[in-house]
Amino acid sequence: MNFTAQVIAEFLQGKIEGNPDAAINDVAKIEEGRPGALSFLANPKYEKHIYNTRSSIIIVNKDFKPEKEIDATLIRVENAYEAFAALLNLYEENKPRKSGISKLAAVSDSAQLGKRLYIGDFTVIGDGVSIGDDVLIYPQVYIGDNVKIGSSTVLYPGVKVYHNCNIGNGCILHAGVVIGGDGFGFAPDEENNYNKVPQLGNVILENNVEIGANTTVDRATMGSTILREGVKLDNLIMVAHNVEIGKNTVIAAQSGISGSTRIGENCLMGGQVGLGGHIKIANGVKIGAQAGIGGNVKEEGAVIMGSPAFNLSSFYKSYAIFRKLPEIRNQLIDLEREVKTLKKKGDTDTK
Amino acid sequence: MNFTAQVIAEFLQGKIEGNPDAAINDVAKIEEGRPGALSFLANPKYEKHIYNTRSSIIIVNKDFKPEKEIDATLIRVENAYEAFAALLNLYEENKPRKSGISKLAAVSDSAQLGKRLYIGDFTVIGDGVSIGDDVLIYPQVYIGDNVKIGSSTVLYPGVKVYHNCNIGNGCILHAGVVIGGDGFGFAPDEENNYNKVPQLGNVILENNVEIGANTTVDRATMGSTILREGVKLDNLIMVAHNVEIGKNTVIAAQSGISGSTRIGENCLMGGQVGLGGHIKIANGVKIGAQAGIGGNVKEEGAVIMGSPAFNLSSFYKSYAIFRKLPEIRNQLIDLEREVKTLKKKGDTDTK
Amino acid sequence: MNFTAQVIAEFLQGKIEGNPDAAINDVAKIEEGRPGALSFLANPKYEKHIYNTRSSIIIVNKDFKPEKEIDATLIRVENAYEAFAALLNLYEENKPRKSGISKLAAVSDSAQLGKRLYIGDFTVIGDGVSIGDDVLIYPQVYIGDNVKIGSSTVLYPGVKVYHNCNIGNGCILHAGVVIGGDGFGFAPDEENNYNKVPQLGNVILENNVEIGANTTVDRATMGSTILREGVKLDNLIMVAHNVEIGKNTVIAAQSGISGSTRIGENCLMGGQVGLGGHIKIANGVKIGAQAGIGGNVKEEGAVIMGSPAFNLSSFYKSYAIFRKLPEIRNQLIDLEREVKTLKKKGDTDTK
């Protein structure tokens, strides 16, 4: 990566202010600027940094009016953040890609392999597996028998996919993700020994699902655990057997979803949220961090918090008073005293 | 798998109602029925599905009385759920098993290996390891030096077992489980640098322990971290050094147990529960999801909830009022006003 | 390990009481003593065990005065706990170390390797990697391209380090740790599809950082996610993109830190704590288990608890009343009744 302001401005259809030959070979946040780095300014909160950043080129909004002199070369565009993101994507897409099938991988003869694959060292591809084109499978990945993987999907090092699971196109699974482990199902006998209920289902990840490091998605007892198109899961999340997560729902790290629960589309869940089993969450629901949900959430777009969770603003009102409970109790005690006095006085008066 | 109603009824000693030649090659939940699938009906809540399921054969309780016509062939048995589970287990047990020791595994010459083993590609078996008969060790597993593994145990891909740990018979460890990592023990010096306390103990898993994906069980500082017979742990659980978990205790996902804590037998813990260190939990205690426990729970069979946790029904009573705290505060304010008025009035009256 | 009381006393400059030829080949907690084991007594709470422990040698404080006869040989030292820890460290350091580069590892020709390395079976070392002296890399580890690792660092089996990350000297990463996975960054488009924001930064671990099993530390979007010198993380922790954790801060298992948050030096965090994004925590702050922090904590040394968290002793005062809320509500209802009566009476009196 080594580009001049001239080249970048042409790509972004932006306008240069400063030296068109200024060149960058890296990106940096504006507050951590370095010579040779490209930065951007979109949020006015960060404007102060543009006057002393050491970055060489800054992408700014068309209508940005500097209050002081700026050393860096500016490129003015319609939307600075989007333009910057577009550049990052362009860069990302043009990075050299890993390719080829390692001789140190163990690939079953019965696997069907697409074109332009990368299969890294010490990766295992089981019997009857089918893999689409342009898939990147990093080292030490395990793909169980009869797994199907679409095209343009990326499996980072150490991902484990149990037998019979299906992964769509354009998915990204980060290191340590486990797909298709047994659901947690046991039937206690008379002596309270727990006998395992066989877990015969699978996991289906539709297209464009991304899953963060060390997250686990259990296979269904029967049928499928399903993550619909565009679902994004952060790290260390637990998705239990027979769960279904709707399209474009986004879940932050360390949340857990119990068995057979169904989450709607376009939901947002904060970190460390816990959902009970066999419940339904409507579309567009937003759940605050560390919330616990034990029953259905039927209202679309509800915003909830607490454990057990209820309406977010009600929660905050209750919690504000929770913090003052010692005062409240004292007020109550004072009041009791006063009422007692009044009663006595009343008794005396009426005597 | 391809069985007729006739064959299944004979195995279950059940009674056919419908076509004895109806055949199945799969299982499905009754509400997700498919032609060629076997389903069951035990919970009356699901009865409505039996009248339009597309499954070919349904196992039902002896005394089930249909309210409408049913297309599927029925098999009547004493207990539909148990019969169905028995079939699943039979199927599971008769699946082709992985076998043989991969030439791509690294097995120490000093390891003692049982009969009928499966050892997968890129698995490492350390020095002095001993492994019983009928053990399945999937690819990319690491077994440290001097580890002992009983018979009929299954280690899924990527399991890591540190040196000197002991695993019993009939255990199942899912992908990404880590057994025997160092306990979290440090001694701060005068400058607040934390010096590592060597962790010289090990982990003991007794027979029939099952551990979910990416769960971690740390080794003891000295002595052993112990999971007693029949303990079942879900995914992403943390068991710290020197913990002991009693027989047949079951713990849901993402719970954490701090160092040196002892949990009794037959306990049930919900998801995301946290237990402090050096505490004791009596037998048969039930702990609600997301509870936090900082002290001993001495009462056998106690049912607790909240953080810090106390009696579950008391917790729910308090929480119901927590939700109404703004109302309560308003009532209190109103009351203060009224008392003030009464006092003034009283003062006026007695003047 | 096989030492006499004589040898140990000389090493510790301690004084023997009993048989100088008593020998030990193991260590044990005093309450789990075994013949041939060395134990220690520092905490008076454990004194009762010294009178019936079966351990052969006990290290005790100089001024310990037994109340009964003791079978074991005593060694008196200035500080029993420190002396015992010193012995453990000595033992640990003298254990045989793994060494050599496995022929079953895949090491890039362009990697720069230090002296006295151990690189285990099926480990992958990428292009342009640089590794210092005396580093132990266990089997099945993945080191991405251009990663830098200092000297005397230990990577346990299955650790995954993505490209461009830097790891200091004397670090310990336990099994299943993932360093440098993509930060969780997406920009929703008009149809609420989430487009990935490329994650171009890295992770920097300074010297003497220890990280527990299956913990994940995400790479920065731009710049670096940084764990400063001496940071200790327990198992299953999530550190998001662009987080910075100050020197000697210690965090217990299953805690999660959201993106761009900065934690000061010498902080202590309990288990299952959650920190929101873009916040600052001052130096020396102590955070109770399961707390949730949504805003800055500016006061150095603050001790906080709850979700959302506030001052610990205030939290406990509020929580004590939370437990009594049903009583409080009843008191309030009683009071309302009495006030009503008083009002009526007042009305009657003044009529």
# chains A, B, ... in the order shown; residues from 1 in each chain; ligands from 1

$ interface_residues --of "chain B" --to "chain C" --cutoff "8 Å" --atoms "only C-alpha atoms" --output "ChimeraX atom specification"
/B:106,122,124,140,142,158,160,176,178,181-182,184,192-194,197-198,214,216,222-223,236,238,254,256,274,292,307,314-315,317-319,321-322,328,332,335,338-339,342,349

$ residues_around --residues "Ala282 of chain C" --least-positions-apart "4" --cutoff "8 Å" --atoms "only C-alpha atoms" --output "list in words"
Ile263, Gly264, Glu265, Val297, Lys298, Glu299, Glu300 and Gly301 of chain C

$ closest_residue --among "C:Lys148, C:Lys48, C:His241, C:His163" --to "Leu205 of chain C" --atoms "only C-alpha atoms"
C:Lys148

$ select_by_dssp --residues "segment 144-307 of chain C" --states "strand (DSSP E or B)" --output "JSON, numbers by chain"
{"C": [148, 149, 154, 155, 160, 161, 166, 167, 172, 173, 178, 179, 180, 181, 186, 187, 188, 194, 195, 196, 202, 203, 204, 205, 210, 211, 216, 217, 218, 224, 225, 226, 227, 232, 233, 238, 239, 244, 245, 250, 251, 256, 257, 262, 263, 268, 269, 274, 275, 280, 281, 286, 287, 292, 293, 297, 303, 304, 305]}

$ atom_distance --atom1 "atom CA of Gly150 of chain A" --atom2 "atom CA of Asp134 of chain A"
9.2 Å

$ select_by_dssp --residues "segment 84-269 of chain C" --states "helix (DSSP H, G or I)" --output "VMD selection string"
chain C and resid 84 to 94

$ write_last_selection --atoms "N, CA and C atoms" --output "compact mmCIF listing (two decimals), in the first residue's frame"
# COMPACT_ATOMS: atom_id res chain seq x y z
N PHE C 84 7.65 -21.61 51.03
CA PHE C 84 7.03 -22.72 50.31
C PHE C 84 6.92 -22.38 48.81
N ALA C 85 6.47 -21.14 48.52
CA ALA C 85 6.35 -20.71 47.13
C ALA C 85 7.72 -20.72 46.44
N ALA C 86 8.74 -20.32 47.20
CA ALA C 86 10.10 -20.32 46.63
C ALA C 86 10.52 -21.74 46.25
N LEU C 87 10.17 -22.69 47.10
CA LEU C 87 10.49 -24.10 46.81
C LEU C 87 9.75 -24.57 45.55
N LEU C 88 8.47 -24.21 45.48
CA LEU C 88 7.68 -24.62 44.30
C LEU C 88 8.30 -24.06 43.03
N ASN C 89 8.70 -22.79 43.09
CA ASN C 89 9.30 -22.17 41.91
C ASN C 89 10.60 -22.85 41.54
N LEU C 90 11.39 -23.15 42.55
CA LEU C 90 12.66 -23.84 42.30
C LEU C 90 12.41 -25.17 41.60
N TYR C 91 11.41 -25.87 42.12
CA TYR C 91 11.05 -27.17 41.54
C TYR C 91 10.59 -27.00 40.10
N GLU C 92 9.71 -26.01 39.91
CA GLU C 92 9.14 -25.75 38.59
C GLU C 92 10.24 -25.43 37.58
N GLU C 93 11.19 -24.61 38.02
CA GLU C 93 12.25 -24.19 37.11
C GLU C 93 13.18 -25.33 36.76
N ASN C 94 13.25 -26.31 37.63
CA ASN C 94 14.19 -27.41 37.38
C ASN C 94 13.54 -28.62 36.73

$ residues_around --residues "segment 52-60 of chain A" --least-positions-apart "4" --cutoff "9 Å" --atoms "only C-alpha atoms" --output "VMD selection string"
chain A and resid 4 to 5 14 22 to 24 27 to 42 48 64 70 to 81 83 to 84

$ atom_distance --atom1 "atom CA of Glu206 of chain C" --atom2 "atom CA of Ile131 of chain C"
14.5 Å
